>>> print(open('data_8.txt').read())   # compact mmCIF, C-alpha atoms
# COMPACT_ATOMS: atom_id res chain seq x y z
CA MET A 16 0.00 0.00 0.00
CA LYS A 17 1.09 3.56 -0.66
CA LEU A 18 0.41 5.85 2.29
CA LEU A 19 0.79 9.61 2.11
CA ILE A 20 0.71 11.71 5.29
CA ILE A 21 0.35 15.47 4.84
CA LEU A 22 1.48 17.53 7.82
CA ALA A 23 0.43 21.17 8.02
CA SER A 24 0.05 21.50 11.79
CA ASN A 25 1.93 23.81 14.09
CA PRO A 26 5.17 22.45 15.56
CA TYR A 27 4.99 20.58 18.87
CA SER A 28 1.33 19.74 18.25
CA HIS A 29 -0.23 16.32 18.86
CA ASP A 30 -0.42 15.93 15.08
CA PHE A 31 3.33 15.70 14.74
CA HIS A 32 3.44 12.82 17.23
CA THR A 33 0.51 11.15 15.43
CA ALA A 34 2.21 11.51 12.05
CA VAL A 35 5.47 10.04 13.34
CA LYS A 36 3.76 7.07 15.00
CA LEU A 37 1.60 6.35 11.95
CA ALA A 38 4.58 6.55 9.60
CA GLU A 39 6.60 4.28 11.89
CA SER A 40 3.86 1.64 11.97
CA SER A 41 3.32 1.90 8.22
CA LEU A 42 7.03 1.41 7.50
CA GLU A 43 7.16 -1.58 9.86
CA ARG A 44 4.42 -3.15 7.72
CA ASN A 45 6.53 -2.48 4.62
CA HIS A 46 4.08 0.00 3.15
CA GLN A 47 5.50 2.62 0.82
CA THR A 48 5.20 5.67 3.07
CA SER A 49 5.62 9.33 2.20
CA MET A 50 5.21 12.51 4.19
CA PHE A 51 4.51 15.93 2.70
CA PHE A 52 5.26 19.01 4.81
CA MET A 53 3.42 22.24 4.11
CA GLY A 54 2.35 25.41 5.92
CA ASN A 55 3.49 25.48 9.55
CA GLY A 56 4.15 21.75 9.30
CA GLU A 57 7.44 22.76 7.68
CA TYR A 58 8.79 23.73 11.10
CA SER A 59 8.91 20.01 11.96
CA ILE A 60 10.74 18.80 8.86
CA ASN A 61 14.28 18.86 10.27
CA ARG A 62 13.43 17.13 13.54
CA ASP A 63 15.35 13.98 14.48
CA GLU A 64 12.18 11.86 14.49
CA ILE A 65 11.77 12.53 10.76
CA LYS A 66 15.42 11.87 10.00
CA ASN A 67 15.15 8.52 11.83
CA LEU A 68 12.10 7.60 9.73
CA VAL A 69 13.94 8.55 6.53
CA GLU A 70 16.62 6.04 7.51
CA LYS A 71 13.83 3.43 7.74
CA GLY A 72 12.54 4.26 4.25
CA LEU A 73 10.22 7.25 4.63
CA LYS A 74 10.13 9.57 1.60
CA VAL A 75 9.88 13.22 2.54
CA PHE A 76 8.59 16.04 0.37
CA TYR A 77 7.97 19.69 1.18
CA CYS A 78 6.35 22.74 -0.36
CA ALA A 79 9.34 24.85 -1.41
CA HIS A 80 7.25 28.04 -1.33
CA ASN A 81 6.12 27.50 2.28
CA ALA A 82 9.71 26.69 3.33
CA GLU A 83 11.01 29.86 1.67
CA GLN A 84 8.33 31.97 3.39
CA ARG A 85 9.44 30.60 6.77
CA LYS A 86 13.18 30.72 5.95
CA ILE A 87 13.45 26.98 6.58
CA LYS A 88 16.21 25.03 4.85
CA PRO A 89 15.22 21.34 4.79
CA GLU A 90 17.92 18.69 4.88
CA SER A 91 19.11 17.11 1.63
CA TRP A 92 17.06 13.95 2.18
CA ALA A 93 13.86 15.99 1.79
CA GLU A 94 12.68 16.59 -1.77
CA SER A 95 11.61 20.04 -2.86
CA SER A 96 8.06 19.97 -4.20
CA SER A 97 5.01 22.09 -4.87
CA MET A 98 1.21 22.02 -4.96
CA TYR A 99 1.55 20.34 -8.36
CA GLY A 100 3.83 17.73 -6.75
CA LEU A 101 1.36 17.23 -3.92
CA ALA A 102 -1.52 16.74 -6.37
CA LYS A 103 0.50 14.02 -8.12
CA LEU A 104 1.37 12.31 -4.81
CA VAL A 105 -2.31 12.33 -3.79
CA THR A 106 -3.40 10.68 -7.04
CA GLU A 107 -0.67 8.03 -6.74
CA ALA A 108 -1.37 7.16 -3.09
CA ASP A 109 -3.81 4.48 -1.93
CA LYS A 110 -4.53 6.34 1.30
CA VAL A 111 -3.98 9.99 2.22
CA LEU A 112 -4.04 11.39 5.75
CA MET A 113 -4.17 15.14 6.23
CA LEU A 114 -3.10 16.48 9.63
CA ASP A 115 -3.87 20.18 9.81
CA MET B 22 26.61 31.51 -26.82
CA SER B 23 23.75 33.12 -28.75
CA GLU B 24 20.42 33.50 -27.03
CA LEU B 25 17.76 30.95 -27.88
CA LYS B 26 14.89 32.44 -29.85
CA THR B 27 11.55 31.34 -28.45
CA ASP B 28 8.02 31.45 -29.85
CA ARG B 29 6.37 32.82 -26.71
CA GLU B 30 7.49 34.60 -23.58
CA LEU B 31 5.86 34.70 -20.16
CA ASP B 32 7.01 37.17 -17.54
CA LEU B 33 6.22 35.77 -14.10
CA LYS B 34 8.21 38.25 -12.01
CA GLY B 35 6.40 38.77 -8.72
CA GLU B 36 4.48 35.49 -8.98
CA VAL B 37 4.92 32.57 -6.57
CA CYS B 38 3.91 28.91 -6.43
CA PRO B 39 1.47 27.59 -7.56
CA PHE B 40 0.71 30.43 -10.00
CA THR B 41 4.10 30.16 -11.69
CA PHE B 42 3.30 26.61 -12.79
CA VAL B 43 -0.40 27.22 -13.46
CA LYS B 44 0.24 30.24 -15.72
CA SER B 45 3.03 28.38 -17.57
CA LYS B 46 0.72 25.44 -18.14
CA LEU B 47 -2.11 27.66 -19.38
CA ILE B 48 0.07 29.39 -21.98
CA LEU B 49 1.48 26.04 -23.14
CA GLU B 50 -2.08 24.87 -23.75
CA GLN B 51 -2.44 27.67 -26.30
CA MET B 52 0.75 26.62 -28.13
CA GLU B 53 1.48 23.98 -30.76
CA PRO B 54 3.78 20.97 -30.17
CA GLY B 55 7.36 21.89 -31.08
CA GLU B 56 6.96 25.56 -30.11
CA THR B 57 9.11 26.98 -27.35
CA LEU B 58 8.25 29.12 -24.35
CA LYS B 59 10.53 31.35 -22.29
CA VAL B 60 9.36 31.72 -18.68
CA ILE B 61 10.95 34.54 -16.66
CA LEU B 62 11.05 33.94 -12.91
CA ASP B 63 12.34 35.85 -9.89
CA TYR B 64 11.37 33.36 -7.19
CA LYS B 65 13.93 30.64 -6.47
CA PRO B 66 11.55 27.87 -5.31
CA SER B 67 9.72 28.22 -8.63
CA VAL B 68 12.99 27.90 -10.56
CA GLU B 69 13.31 24.40 -9.09
CA ASN B 70 9.70 23.37 -9.30
CA VAL B 71 8.41 24.84 -12.58
CA PRO B 72 10.92 22.80 -14.68
CA LYS B 73 10.29 19.71 -12.53
CA SER B 74 6.52 19.96 -12.97
CA MET B 75 6.92 20.64 -16.69
CA ARG B 76 8.99 17.47 -17.12
CA GLU B 77 6.42 15.48 -15.15
CA GLU B 78 3.77 16.86 -17.53
CA GLY B 79 5.79 15.42 -20.42
CA GLN B 80 7.22 18.70 -21.73
CA GLU B 81 10.88 19.20 -22.63
CA VAL B 82 12.88 21.62 -20.50
CA ILE B 83 15.63 22.91 -22.77
CA GLU B 84 17.38 25.29 -20.42
CA VAL B 85 17.27 26.83 -16.96
CA LYS B 86 19.52 29.88 -16.83
CA GLU B 87 20.27 32.55 -14.24
CA VAL B 88 20.23 35.80 -16.20
CA GLY B 89 20.62 38.34 -13.41
CA GLU B 90 20.43 38.90 -9.71
CA ASN B 91 17.47 36.85 -8.53
CA LEU B 92 16.29 36.44 -12.13
CA TRP B 93 16.03 33.23 -14.17
CA GLU B 94 14.80 32.07 -17.56
CA VAL B 95 13.34 28.63 -18.16
CA ILE B 96 13.01 27.50 -21.78
CA VAL B 97 10.41 24.81 -22.44
CA ARG B 98 9.51 23.05 -25.67
CA LYS B 99 5.93 21.85 -25.90
CA VAL B 100 5.92 18.12 -26.59
CA LYS B 101 2.24 17.35 -26.14
>>> encode(input="data_8.txt", output="structure tokens")
Amino acid sequence: MKLLIILASNPYSHDFHTAVKLAESSLERNHQTSMFFMGNGEYSINRDEIKNLVEKGLKVFYCAHNAEQRKIKPESWAESSSMYGLAKLVTEADKVLMLD
Amino acid sequence: MSELKTDRELDLKGEVCPFTFVKSKLILEQMEPGETLKVILDYKPSVENVPKSMREEGQEVIEVKEVGENLWEVIVRKVK
């Protein structure tokens, strides 16, 4: 299964914890798991929890415009994307979870 | 190197995502396959993502060039 988690919540919210736990469980079940960071969710992109999930196979994308607005420089393992990119990811995923 | 002559030009200075891609796509829809479009951008995230989205749409990105301070040109050939 292809799971896409979209995170737009403020940093240090419950949603971040939920997203991390869901992604962890999904990866343990060998599902193809991606996370898309947008809006204030971008503040969480460089956290260690995400980096650890990347090492377990999580694919990370972010809205380049939202990152630029917030002066956030994501790590190299995160792929620069856009609303067009997000639309493509949504159509390719089997399940999409939006945490906002 | 001589400058590439293009069939159409789209000045997107001052525009940000997603309008940079949307407006580029709309003008390409008015063009014929084989014709070329020059898109002028002054927003760095769009310089990465407009060419990427164009390629994913099946168009050919001929060149991405920095032409000034915070100013770029993206040349696209319409394939389909």
>>> residues_near_point(input="data_8.txt", point="(8.6, 30.6, -29.7)", cutoff="9 Å", atoms="only C-alpha atoms", output="list in words")
Lys26, Thr27, Asp28, Arg29, Glu30, Met52, Gly55, Glu56, Thr57, Leu58, Lys59 and Arg98 of chain B
>>> write_last_selection(input="data_8.txt", atoms="C-alpha atoms", output="JSON list (two decimals), in the frame of the given file")
[["chain", "number", "residue", "atom", "x", "y", "z"],
["B", 26, "LYS", "CA", 14.89, 32.44, -29.85],
["B", 27, "THR", "CA", 11.55, 31.34, -28.45],
["B", 28, "ASP", "CA", 8.02, 31.45, -29.85],
["B", 29, "ARG", "CA", 6.37, 32.82, -26.71],
["B", 30, "GLU", "CA", 7.49, 34.60, -23.58],
["B", 52, "MET", "CA", 0.75, 26.62, -28.13],
["B", 55, "GLY", "CA", 7.36, 21.89, -31.08],
["B", 56, "GLU", "CA", 6.96, 25.56, -30.11],
["B", 57, "THR", "CA", 9.11, 26.98, -27.35],
["B", 58, "LEU", "CA", 8.25, 29.12, -24.35],
["B", 59, "LYS", "CA", 10.53, 31.35, -22.29],
["B", 98, "ARG", "CA", 9.51, 23.05, -25.67]]
>>> closest_residue(input="data_8.txt", among="A:Leu18, A:Ala23, A:Leu42, A:Met113", to="Ala82 of chain A", atoms="all atoms listed in the file")
A:Ala23
>>> atom_distance(input="data_8.txt", atom1="atom CA of Lys34 of chain B", atom2="atom CA of Glu78 of chain B")
22.5 Å
>>> atom_distance(input="data_8.txt", atom1="atom CA of Ser74 of chain B", atom2="atom CA of Glu107 of chain A")
15.3 Å
>>> closest_residue(input="data_8.txt", among="A:Asn81, A:Lys110, A:Ser28, A:Pro89", to="chain B", atoms="all atoms listed in the file")
A:Asn81
>>> interface_residues(input="data_8.txt", of="chain B", to="chain A", cutoff="7 Å", atoms="all atoms listed in the file", output="ChimeraX atom specification")
/B:38-39,66,70,74
>>> residues_around(input="data_8.txt", residues="segment 44-46 of chain B", least_positions_apart="6", cutoff="9 Å", atoms="all atoms listed in the file", output="list of chain:residue names")
B:Leu31, B:Leu33, B:Leu58, B:Val60, B:Val71, B:Met75
>>> write_last_selection(input="data_8.txt", atoms="C-alpha atoms", output="PDB file, keeping the file's coordinate frame")
ATOM      1  CA  LEU B  31       5.860  34.700 -20.160  1.00  0.00           C
ATOM      2  CA  LEU B  33       6.220  35.770 -14.100  1.00  0.00           C
ATOM      3  CA  LEU B  58       8.250  29.120 -24.350  1.00  0.00           C
ATOM      4  CA  VAL B  60       9.360  31.720 -18.680  1.00  0.00           C
ATOM      5  CA  VAL B  71       8.410  24.840 -12.580  1.00  0.00           C
ATOM      6  CA  MET B  75       6.920  20.640 -16.690  1.00  0.00           C
TER       7      MET B  75
END
>>> closest_residue(input="data_8.txt", among="A:Glu90, A:Val35, A:Gln47, A:Glu64", to="Ala108 of chain A", atoms="all atoms listed in the file")
A:Gln47
